[in-house]
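Shown next: work.csv, containing CSV, C-alpha atoms and all ligand atoms.
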chain,number,residue,atom,x,y,z
O,112,MET,CA,0.0,0.0,0.0
O,113,ASN,CA,2.9,2.4,0.7
O,114,ASN,CA,4.2,1.7,-2.7
O,115,VAL,CA,0.8,2.6,-4.1
O,116,LYS,CA,0.8,5.9,-2.2
O,117,GLU,CA,4.2,6.7,-3.7
O,118,LEU,CA,2.9,5.9,-7.2
O,119,ILE,CA,-0.2,8.0,-7.0
O,120,SER,CA,1.7,11.0,-5.6
O,121,ASN,CA,3.3,11.5,-9.0
O,122,CYS,CA,0.0,12.0,-10.8
O,123,GLU,CA,-1.2,15.5,-11.5
O,124,SER,CA,-4.8,14.5,-12.3
O,125,CYS,CA,-4.5,16.3,-15.6
O,126,VAL,CA,-7.7,17.7,-17.0
O,127,THR,CA,-6.6,17.1,-20.6
O,128,LYS,CA,-6.0,13.3,-19.8
O,129,PRO,CA,-3.3,12.6,-22.3
O,130,CYS,CA,-2.7,9.1,-20.7
O,131,GLN,CA,-6.3,8.2,-21.5
O,132,VAL,CA,-5.8,9.1,-25.1
O,133,GLY,CA,-2.7,6.9,-25.2
O,134,CYS,CA,-4.6,3.9,-23.8
O,135,PRO,CA,-6.1,1.6,-26.5
O,136,LEU,CA,-9.0,1.0,-24.2
O,137,ASN,CA,-9.4,4.7,-23.6
O,138,ILE,CA,-9.6,4.1,-19.8
O,139,ASP,CA,-10.3,7.2,-17.6
O,140,ILE,CA,-6.9,6.9,-16.0
O,141,PRO,CA,-6.9,10.1,-13.9
O,142,GLY,CA,-10.4,9.1,-12.8
O,143,PHE,CA,-9.4,5.8,-11.3
O,144,ILE,CA,-6.2,7.2,-9.9
O,145,ASP,CA,-8.2,9.9,-8.2
O,146,LYS,CA,-10.3,7.2,-6.6
O,147,ILE,CA,-7.1,5.5,-5.3
O,148,LYS,CA,-6.0,8.9,-3.9
O,149,GLU,CA,-9.3,9.0,-2.0
O,150,GLU,CA,-8.7,5.4,-0.9
O,151,LYS,CA,-12.0,4.5,-2.6
O,152,TYR,CA,-10.6,1.2,-4.1
O,153,GLU,CA,-14.0,-0.3,-4.8
O,154,GLU,CA,-15.0,2.8,-6.8
O,155,ALA,CA,-11.7,2.6,-8.6
O,156,PHE,CA,-12.6,-1.0,-9.5
O,157,LEU,CA,-16.1,-0.1,-10.6
O,158,LEU,CA,-14.8,2.7,-12.8
O,159,LEU,CA,-12.2,0.4,-14.4
O,160,SER,CA,-14.9,-2.3,-14.9
O,161,GLU,CA,-16.7,0.0,-17.3
O,162,TYR,CA,-13.6,-0.3,-19.6
O,163,THR,CA,-12.2,-3.7,-19.1
O,164,PRO,CA,-12.3,-6.9,-17.1
O,165,LEU,CA,-8.6,-7.5,-17.7
O,166,MET,CA,-7.1,-4.8,-15.4
O,167,SER,CA,-4.9,-7.2,-13.5
O,168,LEU,CA,-3.5,-8.5,-16.8
O,169,CYS,CA,-3.2,-5.3,-18.9
O,170,GLY,CA,-1.7,-3.6,-15.8
O,171,ARG,CA,1.1,-6.2,-15.9
O,172,ILE,CA,1.8,-6.8,-19.5
O,173,CYS,CA,0.7,-3.9,-21.7
O,174,PRO,CA,3.5,-2.1,-23.4
O,175,HIS,CA,2.9,0.9,-21.2
O,176,GLN,CA,5.8,2.9,-22.5
O,177,GLU,CA,4.2,3.0,-25.9
O,178,GLN,CA,0.7,3.6,-24.6
O,179,CYS,CA,-0.6,5.3,-21.5
O,180,GLU,CA,2.7,5.9,-19.7
O,181,GLY,CA,4.3,7.0,-23.0
O,182,SER,CA,1.6,9.8,-23.1
O,183,CYS,CA,1.9,10.9,-19.5
O,184,VAL,CA,3.0,14.5,-19.0
O,185,LYS,CA,5.5,13.4,-16.4
O,186,LYS,CA,7.5,11.5,-19.0
O,187,ILE,CA,9.0,14.8,-20.3
O,188,SER,CA,10.1,16.4,-17.0
O,189,TYR,CA,10.5,13.5,-14.6
O,190,SER,CA,9.3,9.9,-15.1
O,191,PRO,CA,5.8,8.8,-16.0
O,192,VAL,CA,3.3,7.7,-13.5
O,193,GLU,CA,3.4,3.9,-13.4
O,194,ILE,CA,-0.2,3.5,-14.5
O,195,GLY,CA,0.1,-0.2,-15.2
O,196,LYS,CA,1.1,-1.0,-11.6
O,197,LEU,CA,-1.8,1.1,-10.4
O,198,GLU,CA,-4.3,-0.7,-12.7
O,199,ALA,CA,-3.0,-4.1,-11.6
O,200,PHE,CA,-3.3,-3.0,-7.9
O,201,VAL,CA,-7.0,-2.2,-8.4
O,202,GLY,CA,-7.6,-5.5,-10.3
O,203,ASP,CA,-5.8,-7.5,-7.7
O,204,TYR,CA,-7.6,-5.7,-4.9
O,205,ALA,CA,-11.0,-6.6,-6.5
O,206,ILE,CA,-10.0,-10.3,-6.8
O,207,ASN,CA,-8.6,-10.5,-3.2
O,208,ASN,CA,-11.7,-8.8,-1.7
O,209,ASN,CA,-14.2,-10.5,-4.0
O,210,LEU,CA,-15.6,-7.2,-5.3
O,211,LYS,CA,-18.5,-7.6,-7.6
O,212,ILE,CA,-20.0,-5.5,-10.4
O,213,ASP,CA,-23.8,-5.1,-10.8
O,214,TYR,CA,-25.4,-7.0,-13.7
O,215,PRO,CA,-28.8,-8.3,-14.5
O,216,ASN,CA,-29.5,-11.9,-13.3
O,217,ASN,CA,-31.8,-12.8,-16.2
O,218,THR,CA,-30.5,-12.9,-19.7
O,219,LYS,CA,-32.0,-12.2,-23.0
O,220,PHE,CA,-30.7,-13.6,-26.3
O,221,ASN,CA,-27.8,-16.0,-26.5
O,222,ILE,CA,-24.6,-15.1,-28.3
O,223,ALA,CA,-21.9,-17.6,-29.3
O,224,VAL,CA,-18.4,-16.3,-28.7
O,225,VAL,CA,-15.9,-18.5,-30.5
O,226,GLY,CA,-12.4,-18.3,-28.9
O,227,GLY,CA,-11.7,-17.5,-25.2
O,228,GLY,CA,-8.7,-15.2,-25.6
O,229,PRO,CA,-8.6,-11.6,-24.6
O,230,ALA,CA,-11.0,-10.5,-27.4
O,231,GLY,CA,-13.5,-13.3,-26.7
O,232,LEU,CA,-13.4,-12.9,-22.9
O,233,SER,CA,-13.9,-9.1,-23.2
O,234,CYS,CA,-16.8,-9.5,-25.6
O,235,ALA,CA,-18.4,-12.1,-23.3
O,236,TYR,CA,-17.9,-10.0,-20.3
O,237,PHE,CA,-19.5,-6.9,-21.7
O,238,LEU,CA,-22.4,-8.8,-23.2
O,239,ARG,CA,-23.2,-10.6,-19.9
O,240,LYS,CA,-22.7,-7.4,-17.9
O,241,ASN,CA,-25.4,-5.9,-20.0
O,242,GLY,CA,-27.8,-8.8,-19.5
O,243,TYR,CA,-27.1,-10.9,-22.6
O,244,GLY,CA,-26.6,-14.7,-22.5
O,245,VAL,CA,-23.2,-15.9,-23.7
O,246,THR,CA,-21.7,-19.3,-24.5
O,247,ILE,CA,-18.0,-19.4,-25.2
O,248,TYR,CA,-16.7,-22.1,-27.5
O,249,GLU,CA,-13.1,-22.7,-26.8
O,250,LYS,CA,-10.8,-25.1,-28.7
O,251,HIS,CA,-8.5,-25.8,-25.8
O,252,ASP,CA,-9.4,-27.3,-22.4
O,253,TYR,CA,-8.6,-23.9,-20.9
O,254,LEU,CA,-9.4,-20.3,-21.5
O,255,GLY,CA,-7.1,-17.3,-22.0
O,256,GLY,CA,-5.6,-17.9,-25.5
O,257,LEU,CA,-2.3,-16.1,-25.7
O,258,LEU,CA,-2.7,-15.0,-22.1
O,259,ALA,CA,-2.4,-18.6,-21.1
O,260,HIS,CA,0.1,-19.9,-23.6
O,261,GLY,CA,1.6,-17.0,-25.5
O,262,ILE,CA,3.2,-15.1,-22.7
O,263,PRO,CA,5.9,-16.9,-20.6
O,264,GLU,CA,5.0,-17.7,-17.0
O,265,PHE,CA,8.0,-15.5,-15.8
O,266,LYS,CA,6.2,-12.5,-17.4
O,267,LEU,CA,2.7,-13.3,-16.4
O,268,SER,CA,1.8,-15.9,-13.8
O,269,ARG,CA,-0.9,-18.5,-14.8
O,270,ASP,CA,-2.3,-18.0,-11.3
O,271,ILE,CA,-3.3,-14.4,-12.0
O,272,VAL,CA,-4.6,-15.3,-15.5
O,273,LYS,CA,-6.8,-18.0,-13.9
O,274,LYS,CA,-8.1,-15.7,-11.2
O,275,VAL,CA,-9.1,-13.0,-13.7
O,276,ILE,CA,-10.9,-15.5,-16.0
O,277,ASP,CA,-12.7,-17.0,-13.0
O,278,LYS,CA,-13.9,-13.6,-12.0
O,279,ILE,CA,-15.3,-13.0,-15.5
O,280,LEU,CA,-17.0,-16.4,-15.6
O,281,GLN,CA,-18.6,-15.7,-12.2
O,282,LEU,CA,-21.0,-13.4,-14.1
O,283,GLY,CA,-22.7,-16.6,-15.4
O,284,ILE,CA,-21.1,-17.3,-18.8
O,285,ASP,CA,-21.3,-20.8,-20.2
O,286,VAL,CA,-18.1,-22.3,-21.6
O,287,LYS,CA,-17.8,-25.3,-23.9
O,288,TYR,CA,-14.2,-26.6,-24.0
O,289,ASN,CA,-12.5,-28.6,-26.8
O,290,GLN,CA,-14.7,-27.1,-29.5
O,291,VAL,CA,-12.8,-26.7,-32.7
O,292,LEU,CA,-14.5,-24.7,-35.4
O,293,GLY,CA,-14.9,-26.7,-38.5
O,294,LYS,CA,-14.3,-30.0,-36.7
O,295,ASN,CA,-16.7,-30.6,-33.9
O,296,ILE,CA,-18.6,-27.3,-34.2
O,297,LEU,CA,-19.8,-25.8,-37.4
O,298,LEU,CA,-20.3,-22.1,-38.1
O,299,ASP,CA,-23.7,-22.7,-39.7
O,300,ASP,CA,-24.9,-24.5,-36.5
O,301,LEU,CA,-23.7,-21.7,-34.3
O,302,ILE,CA,-25.6,-19.2,-36.5
O,303,ASN,CA,-28.7,-21.2,-36.4
O,304,ASN,CA,-28.6,-21.9,-32.6
O,305,HIS,CA,-27.6,-18.4,-31.5
O,306,ASP,CA,-28.8,-14.8,-32.0
O,307,ALA,CA,-25.3,-13.6,-33.0
O,308,VAL,CA,-21.8,-15.1,-33.3
O,309,PHE,CA,-18.6,-13.4,-32.4
O,310,ILE,CA,-15.5,-15.0,-33.9
O,311,ALA,CA,-12.2,-14.4,-32.0
O,312,ILE,CA,-10.1,-17.4,-32.8
O,313,GLY,CA,-6.8,-15.6,-33.2
O,314,SER,CA,-4.3,-15.9,-36.0
O,315,ASN,CA,-2.3,-18.8,-34.9
O,316,GLU,CA,-0.6,-20.4,-37.9
O,317,SER,CA,3.0,-19.4,-38.3
O,318,ASN,CA,4.1,-17.9,-41.6
O,319,ILE,CA,6.7,-19.8,-43.4
O,320,MET,CA,9.8,-18.5,-45.1
O,321,ASN,CA,9.9,-20.7,-48.3
O,322,ILE,CA,13.6,-21.3,-47.9
O,323,PRO,CA,15.5,-24.7,-48.2
O,324,ASN,CA,15.3,-27.1,-45.3
O,325,GLU,CA,12.5,-25.3,-43.5
O,326,ASN,CA,11.0,-28.7,-42.4
O,327,ILE,CA,14.1,-30.6,-41.1
O,328,ASN,CA,14.5,-31.7,-37.5
O,329,GLY,CA,15.4,-29.0,-35.1
O,330,VAL,CA,13.3,-26.3,-37.0
O,331,TYR,CA,10.2,-25.2,-35.2
O,332,LYS,CA,7.4,-22.6,-35.8
O,333,GLY,CA,7.1,-20.0,-33.1
O,334,ASN,CA,3.3,-19.8,-32.7
O,335,GLU,CA,2.8,-23.6,-32.7
O,336,LEU,CA,5.6,-24.0,-30.2
O,337,LEU,CA,3.9,-21.7,-27.7
O,338,GLU,CA,0.4,-22.8,-28.4
O,339,ASN,CA,1.2,-26.5,-28.2
O,340,LYS,CA,3.3,-25.9,-25.1
O,341,LEU,CA,6.2,-27.9,-26.6
O,342,ILE,CA,9.1,-28.4,-24.3
O,343,ILE,CA,12.5,-28.1,-26.1
O,344,ASP,CA,15.7,-29.0,-24.5
O,345,TYR,CA,17.6,-25.7,-24.9
O,346,LYS,CA,20.5,-26.6,-22.5
O,347,ASP,CA,23.8,-25.7,-24.0
O,348,LYS,CA,22.3,-25.3,-27.4
O,349,ASP,CA,22.8,-22.5,-29.9
O,350,VAL,CA,19.4,-21.3,-30.9
O,351,VAL,CA,18.5,-19.0,-33.8
O,352,ILE,CA,15.2,-17.2,-33.7
O,353,ILE,CA,14.1,-15.6,-37.0
O,354,GLY,CA,11.7,-12.6,-36.6
O,355,GLY,CA,11.5,-9.3,-34.7
O,356,GLY,CA,8.1,-9.5,-33.0
O,357,ASN,CA,7.0,-10.3,-29.4
O,358,VAL,CA,6.9,-14.0,-30.1
O,359,ALA,CA,10.6,-14.0,-31.2
O,360,MET,CA,11.5,-11.9,-28.1
O,361,ASN,CA,9.6,-14.2,-25.7
O,362,ILE,CA,11.2,-17.4,-27.3
O,363,ALA,CA,14.7,-15.9,-27.0
O,364,SER,CA,14.1,-15.2,-23.3
O,365,ILE,CA,12.6,-18.7,-22.7
O,366,ALA,CA,15.6,-20.3,-24.5
O,367,LYS,CA,18.2,-18.2,-22.5
O,368,LYS,CA,16.4,-18.9,-19.2
O,369,SER,CA,16.4,-22.6,-20.0
O,370,GLY,CA,20.1,-22.8,-20.4
O,371,ALA,CA,20.7,-22.1,-24.1
O,372,ARG,CA,24.3,-21.1,-24.9
O,373,ASN,CA,23.2,-18.5,-27.4
O,374,ALA,CA,19.8,-17.2,-28.5
O,375,THR,CA,20.4,-15.2,-31.6
O,376,ILE,CA,17.5,-13.1,-32.9
O,377,ILE,CA,17.8,-12.5,-36.6
O,378,TYR,CA,15.6,-9.8,-38.1
O,379,ARG,CA,15.7,-8.3,-41.5
O,380,ARG,CA,14.9,-4.7,-40.5
O,381,THR,CA,16.3,-2.3,-37.9
O,382,GLU,CA,15.7,-2.4,-34.2
O,383,GLU,CA,13.5,0.7,-34.5
O,384,ASP,CA,11.4,-1.0,-37.2
O,385,SER,CA,10.9,-4.1,-35.1
O,386,PRO,CA,7.2,-4.8,-34.3
O,387,ALA,CA,8.0,-6.0,-30.8
O,388,ALA,CA,7.2,-3.8,-27.8
O,389,ILE,CA,10.3,-1.9,-26.5
O,390,SER,CA,9.8,-3.6,-23.2
O,391,GLU,CA,9.9,-7.0,-24.8
O,392,ILE,CA,13.1,-6.2,-26.7
O,393,ASN,CA,14.7,-4.9,-23.5
O,394,SER,CA,13.6,-8.0,-21.7
O,395,ALA,CA,15.3,-10.2,-24.3
O,396,LYS,CA,18.4,-8.0,-24.0
O,397,GLU,CA,18.4,-8.5,-20.2
O,398,ASP,CA,18.2,-12.2,-20.7
O,399,LYS,CA,21.4,-11.8,-22.9
O,400,ALA,CA,19.9,-12.7,-26.2
O,401,THR,CA,22.0,-11.6,-29.2
O,402,PHE,CA,20.5,-9.5,-31.9
O,403,LEU,CA,21.4,-9.4,-35.6
O,404,PHE,CA,19.3,-6.7,-37.2
O,405,GLU,CA,19.2,-6.0,-40.9
O,406,ARG,CA,20.0,-9.7,-41.6
O,407,ASN,CA,18.0,-12.3,-43.6
O,408,VAL,CA,18.2,-16.0,-43.3
O,409,ILE,CA,18.4,-17.4,-46.9
O,410,LYS,CA,19.0,-21.1,-46.1
O,411,ILE,CA,18.8,-23.6,-43.3
O,412,ASN,CA,21.6,-26.1,-43.4
O,413,GLY,CA,21.6,-29.8,-42.3
O,414,GLU,CA,20.6,-33.2,-43.5
O,415,ASP,CA,18.7,-35.0,-40.8
O,416,HIS,CA,19.0,-32.1,-38.4
O,417,VAL,CA,19.7,-28.4,-38.6
O,418,ASN,CA,23.4,-27.4,-38.0
O,419,SER,CA,23.6,-23.8,-39.3
O,420,VAL,CA,21.9,-21.1,-41.2
O,421,ASP,CA,23.1,-18.9,-44.1
O,422,VAL,CA,22.5,-15.3,-43.4
O,423,VAL,CA,23.0,-12.2,-45.6
O,424,LYS,CA,22.9,-8.5,-44.8
O,425,THR,CA,19.9,-6.4,-45.8
O,426,LYS,CA,19.2,-2.9,-46.7
O,427,SER,CA,15.8,-1.2,-46.2
O,428,ILE,CA,14.7,1.3,-48.8
O,429,ASN,CA,11.7,2.4,-46.8
O,430,LYS,CA,9.5,1.0,-44.1
O,431,LYS,CA,6.8,-0.2,-46.5
O,432,ASP,CA,9.0,-2.3,-48.9
O,433,ILE,CA,10.6,-5.6,-48.1
O,434,PRO,CA,14.3,-5.1,-47.4
O,435,VAL,CA,16.7,-6.2,-50.1
O,436,ASN,CA,19.5,-8.7,-49.6
O,437,ILE,CA,23.0,-7.3,-50.1
O,438,GLU,CA,25.1,-9.4,-52.5
O,439,ASP,CA,28.3,-11.1,-51.3
O,440,SER,CA,27.5,-10.5,-47.6
O,441,LYS,CA,26.7,-14.2,-46.7
O,442,GLU,CA,27.9,-15.6,-43.5
O,443,THR,CA,27.1,-19.0,-41.9
O,444,ILE,CA,25.9,-19.2,-38.3
O,445,LYS,CA,26.2,-22.5,-36.5
O,446,CYS,CA,23.1,-23.6,-34.5
O,447,ASP,CA,21.3,-26.6,-33.1
O,448,ILE,CA,17.8,-25.2,-33.1
O,449,VAL,CA,16.0,-22.7,-35.4
O,450,ILE,CA,12.7,-21.1,-34.5
O,451,ILE,CA,10.7,-19.3,-37.2
O,452,ALA,CA,8.6,-16.4,-35.7
O,453,ILE,CA,7.9,-14.2,-38.7
O,454,GLY,CA,4.3,-13.5,-38.0
O,455,SER,CA,1.2,-15.6,-38.4
O,456,HIS,CA,-2.0,-16.0,-40.4
O,457,PRO,CA,-5.5,-17.3,-39.6
O,458,GLU,CA,-6.3,-21.0,-39.6
O,459,LYS,CA,-7.6,-22.7,-42.8
O,460,ILE,CA,-11.2,-22.7,-41.6
O,461,VAL,CA,-11.3,-18.9,-42.0
O,462,GLU,CA,-10.6,-19.2,-45.7
O,463,LYS,CA,-13.7,-21.4,-46.0
O,464,MET,CA,-16.1,-19.0,-44.2
O,465,ASP,CA,-18.6,-17.4,-46.5
O,466,ILE,CA,-17.8,-13.9,-45.3
O,467,GLU,CA,-15.5,-11.2,-46.8
O,468,LYS,CA,-11.8,-11.3,-46.0
O,469,THR,CA,-9.0,-8.8,-46.2
O,470,GLN,CA,-6.2,-9.1,-48.6
O,471,SER,CA,-4.1,-10.8,-45.9
O,472,GLY,CA,-6.8,-13.4,-45.4
O,473,LYS,CA,-8.2,-12.0,-42.2
O,474,ILE,CA,-11.9,-11.5,-41.5
O,475,LYS,CA,-13.0,-8.1,-42.8
O,476,ILE,CA,-15.0,-6.1,-40.2
O,477,ASP,CA,-16.3,-2.5,-40.1
O,478,ASN,CA,-15.3,-0.1,-37.3
O,479,ASP,CA,-17.7,-1.9,-34.9
O,480,GLY,CA,-16.6,-5.4,-35.5
O,481,HIS,CA,-19.5,-6.4,-37.9
O,482,THR,CA,-18.6,-8.7,-40.8
O,483,SER,CA,-20.2,-8.9,-44.2
O,484,SER,CA,-22.6,-11.5,-42.7
O,485,GLU,CA,-25.6,-10.2,-40.8
O,486,LYS,CA,-25.3,-12.4,-37.6
O,487,ILE,CA,-21.5,-12.6,-37.5
O,488,PHE,CA,-19.1,-10.3,-35.7
O,489,ALA,CA,-15.3,-10.7,-35.3
O,490,GLY,CA,-12.4,-9.3,-33.4
O,491,GLY,CA,-8.9,-9.8,-32.2
O,492,ASN,CA,-6.1,-10.9,-34.4
O,493,VAL,CA,-8.3,-13.0,-36.8
O,494,ALA,CA,-9.9,-9.7,-37.8
O,495,GLY,CA,-6.6,-7.8,-38.0
O,496,SER,CA,-6.5,-6.1,-34.6
O,497,LYS,CA,-3.0,-5.3,-33.3
O,498,ALA,CA,-1.6,-8.4,-31.6
O,499,THR,CA,-1.6,-7.0,-28.1
O,500,VAL,CA,-3.9,-7.8,-25.2
O,501,SER,CA,-5.3,-4.3,-24.9
O,502,TRP,CA,-6.1,-3.9,-28.6
O,503,ALA,CA,-7.7,-7.4,-28.6
O,504,ALA,CA,-9.7,-6.5,-25.5
O,505,LYS,CA,-10.8,-3.2,-27.2
O,506,SER,CA,-12.1,-5.1,-30.3
O,507,GLY,CA,-14.1,-7.5,-28.0
O,508,ARG,CA,-15.6,-4.6,-26.2
O,509,SER,CA,-16.5,-2.7,-29.4
O,510,ALA,CA,-18.1,-5.9,-30.9
O,511,ALA,CA,-20.2,-6.5,-27.7
O,512,LYS,CA,-21.6,-3.0,-28.1
O,513,SER,CA,-22.2,-3.6,-31.8
O,514,ILE,CA,-23.9,-6.9,-31.1
O,515,ILE,CA,-26.2,-5.3,-28.5
O,516,ASP,CA,-27.1,-2.5,-31.0
O,517,TYR,CA,-27.8,-5.1,-33.7
O,518,LEU,CA,-30.0,-7.2,-31.5
O,519,ASN,CA,-32.0,-4.2,-30.2
O,520,GLU,CA,-32.5,-2.9,-33.8
O,521,LYS,CA,-33.7,-6.3,-34.9
O,522,LYS,CA,-35.9,-6.6,-31.8
O,523,ILE,CA,-35.9,-10.4,-32.4
O,601,LIG,S1,-0.9,12.1,-17.9
O,601,LIG,FE1,0.2,11.2,-16.1
O,601,LIG,S2,0.1,12.9,-14.6
O,601,LIG,FE2,-1.5,13.4,-16.1
O,601,LIG,S3,-3.4,12.3,-15.3
O,601,LIG,FE3,-2.4,10.9,-16.7
O,601,LIG,S4,-1.1,9.6,-15.4
O,601,LIG,FE4,-1.6,11.5,-14.2
Let's see the structure in the file written out as structure tokens.
Ligand code: SF4
Amino acid sequence: MNNVKELISNCESCVTKPCQVGCPLNIDIPGFIDKIKEEKYEEAFLLLSEYTPLMSLCGRICPHQEQCEGSCVKKISYSPVEIGKLEAFVGDYAINNNLKIDYPNNTKFNIAVVGGGPAGLSCAYFLRKNGYGVTIYEKHDYLGGLLAHGIPEFKLSRDIVKKVIDKILQLGIDVKYNQVLGKNILLDDLINNHDAVFIAIGSNESNIMNIPNENINGVYKGNELLENKLIIDYKDKDVVIIGGGNVAMNIASIAKKSGARNATIIYRRTEEDSPAAISEINSAKEDKATFLFERNVIKINGEDHVNSVDVVKTKSINKKDIPVNIEDSKETIKCDIVIIAIGSHPEKIVEKMDIEKTQSGKIKIDNDGHTSSEKIFAGGNVAGSKATVSWAAKSGRSAAKSIIDYLNEKKI
């Protein structure tokens, strides 16, 4: 509590609220900090609950430097208010004191939410909070999506993830586990049996590089590695991670913490152009990962098993274009394990859905998460939202509002 007093003392309660503008969820940050200042913790929780059910998680793992804290006025003269810690404090306080929000006991309508990651959980929460019935269809035997398998335990404990999810489910949300869209549940059945469907199944299939030997032993795909919770023996191994996003950074940290001799991140653009959050890059640096920026892997070497990669230098003309390989710059880097983490695309089932897609194969939605099909809404990474928890949560919240508007207009 003393620590919280110190943290709030730095906040000016700015009337212009630049921190709120910097937050993807547009949380009234000075508002909830003022409540903490007045020691009205339950009111702080109720205020935050209007914006998100994930306060204990976003408070811990959002890239605050690039969002709320990056917009805080104190960043220029001093150091920003540590908004994330305060948000997590309120969320944890609510869990520890079993604080509850008001919501109608009875439900009207029933909405299918497909996928129980941050977008699906947020959508389900806001629907149920407003009196709508929700059933979550989840392909795993646990909820959370990337919260549960995409972020290493040393960055986000599974215990707090579980507590946050349990608190959301306490509102009375049905969950059906082990439900794989296109296998044991069909989109048509969901449409027929529910008043609306929200699809938030993520974008979980790793992109491939189309280079020689991509499928030999010792080569793994980053997303599948995390999602399937594969355990690799990194001890005393030289690991090459290809890619510059958060998945690459997390895997490099996991490898180093698990005893890898080297974890070398190879990315074809500059550090500044890397899509990873600054905090994730710094965290991989702290774990002593090695970085090779402006390098491209052109070949994986090995017969039965990978033994090295061929790498060339690259040059970026501008941020939009793919960097070009520089001739005669090849070097060979020895390694025992290669992990490809160059982004991802939606699962095959999305291709087969009779709804409009974007050029990159994601589900096309309007500003409110509505697809080209009347009863179908989508959000999170499968619909192109930025791959962070707060952006996914925002898309779930927007879709919930849109679904409510749709159902009320239809007056089914
Ligand atoms: S910008 Fe910083 S100082 Fe101003 S209200 Fe937000 S958190 Fe407080």
Exercise for review: Would you mind listing what lies within 6 Å of segment 367-380 of chain O as a list in words, with only C-alpha atoms counted and same-chain residues fewer than 6 positions away left out?
Suggested key: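 Near segment 367-380 of chain O, the qualifying residues are Tyr345, Lys346, Asp347, Lys348, Asp349, Val350, Val351, Ile352, Ile353, Gly354, Gly355, Ala400, Thr401, Phe402, Leu403, Phe404, Glu405, Arg406 and Asn407 of chain O.
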Practice item. Scan for residues within 9 Å of the point (-1.5, 9.0, -8.0) in the coordinates of the file, using all atoms listed in the file, and reply as a PyMOL selection string. Key: chain O and resi 115-124+141+144-145+147-148+192-194+197
Segment 325-416 of chain O residues near segment 176-182 of chain O within 8 Å, closest pair each, using only C-alpha atoms, as a tab-separated table:
residue	atom	partner	partner_atom	distance
O:Ala388	CA	O:Glu177	CA	7.7
O:Ile389	CA	O:Gln176	CA	7.7
O:Ser390	CA	O:Gln176	CA	7.7
Review point. If we count only C-alpha atoms, what is near Asp479 of chain O at a cut-off of 12 Å, once residues fewer than 6 positions away on the same chain are taken out, given as a ChimeraX atom specification?
Key: /O:309,487-490,494,496,505-517
**Study point:** Using only C-alpha atoms and all ligand atoms: which of O:Ala363, O:Ile187, O:Ile453, O:Ala503 has the shortest distance to ligand LIG 601 (chain O)
**Key:**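 Answer, going by the shortest atom-to-atom distance: O:Ile187.
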Point to revise | Separation of atom CA of Lys459 of chain O from atom CA of Asn315 of chain O, in Å and rounded to one decimal | key: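 Between atom CA of Lys459 of chain O and atom CA of Asn315 of chain O the gap works out to 10.3 Å.
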Review point. Could you state the separation of atom CA of Ser455 of chain O and atom CA of Ser314 of chain O in Å, given to one decimal place?
Key: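 Result for atom CA of Ser455 of chain O versus atom CA of Ser314 of chain O: 6.0 Å, one decimal.
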Review point. What is the distance between atom CA of Gly413 of chain O and atom CA of Gly454 of chain O, in Å to one decimal?
Key: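 Going from atom CA of Gly413 of chain O over to atom CA of Gly454 of chain O, I get 24.2 Å.
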Practice item. Do a neighbour search on Asp252 of chain O at 9 Å with all atoms listed in the file, toss out local chain neighbours closer than 6 positions, and write the hits as an MDAnalysis selection string. Key: chainID O and resid 287:290
Check your understanding: Contacts of segment 260-266 of chain O at 9 Å or less, counting all atoms listed in the file, minus same-chain residues fewer than 4 places along, as JSON, numbers by chain?
Key -> {"O": [171, 172, 255, 256, 334, 337, 338, 339, 340, 358, 361, 362, 364, 365]}
Exercise for review: Choose the residue, out of O:Ala366, O:Val126, O:Leu298, O:Cys183, that has the smallest atom-to-atom separation from ligand LIG 601 (chain O); count all atoms listed in the file.
Suggested key: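 Residue with the minimum atom-to-atom distance to ligand LIG 601 (chain O): O:Cys183.
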Please fill the gaps in segment 114-121 of chain O so it has N, CA and C atoms, and write that as a tab-separated table (two decimals), in the coordinates of the input.
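Saved to part.tsv:
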chain	number	residue	atom	x	y	z
O	114	ASN	N	3.70	1.59	-1.34
O	114	ASN	CA	4.20	1.70	-2.70
O	114	ASN	C	3.13	2.40	-3.58
O	115	VAL	N	1.85	2.04	-3.38
O	115	VAL	CA	0.80	2.60	-4.10
O	115	VAL	C	0.69	4.14	-3.84
O	116	LYS	N	0.85	4.50	-2.58
O	116	LYS	CA	0.80	5.90	-2.20
O	116	LYS	C	1.90	6.69	-2.93
O	117	GLU	N	3.07	6.08	-3.00
O	117	GLU	CA	4.20	6.70	-3.70
O	117	GLU	C	3.82	6.89	-5.20
O	118	LEU	N	3.23	5.82	-5.78
O	118	LEU	CA	2.90	5.90	-7.20
O	118	LEU	C	1.88	6.93	-7.53
O	119	ILE	N	0.86	7.07	-6.69
O	119	ILE	CA	-0.20	8.00	-7.00
O	119	ILE	C	0.29	9.47	-6.78
O	120	SER	N	1.27	9.64	-5.90
O	120	SER	CA	1.70	11.00	-5.60
O	120	SER	C	2.33	11.70	-6.79
O	121	ASN	N	2.71	10.94	-7.77
O	121	ASN	CA	3.30	11.50	-9.00
O	121	ASN	C	2.30	11.99	-9.99
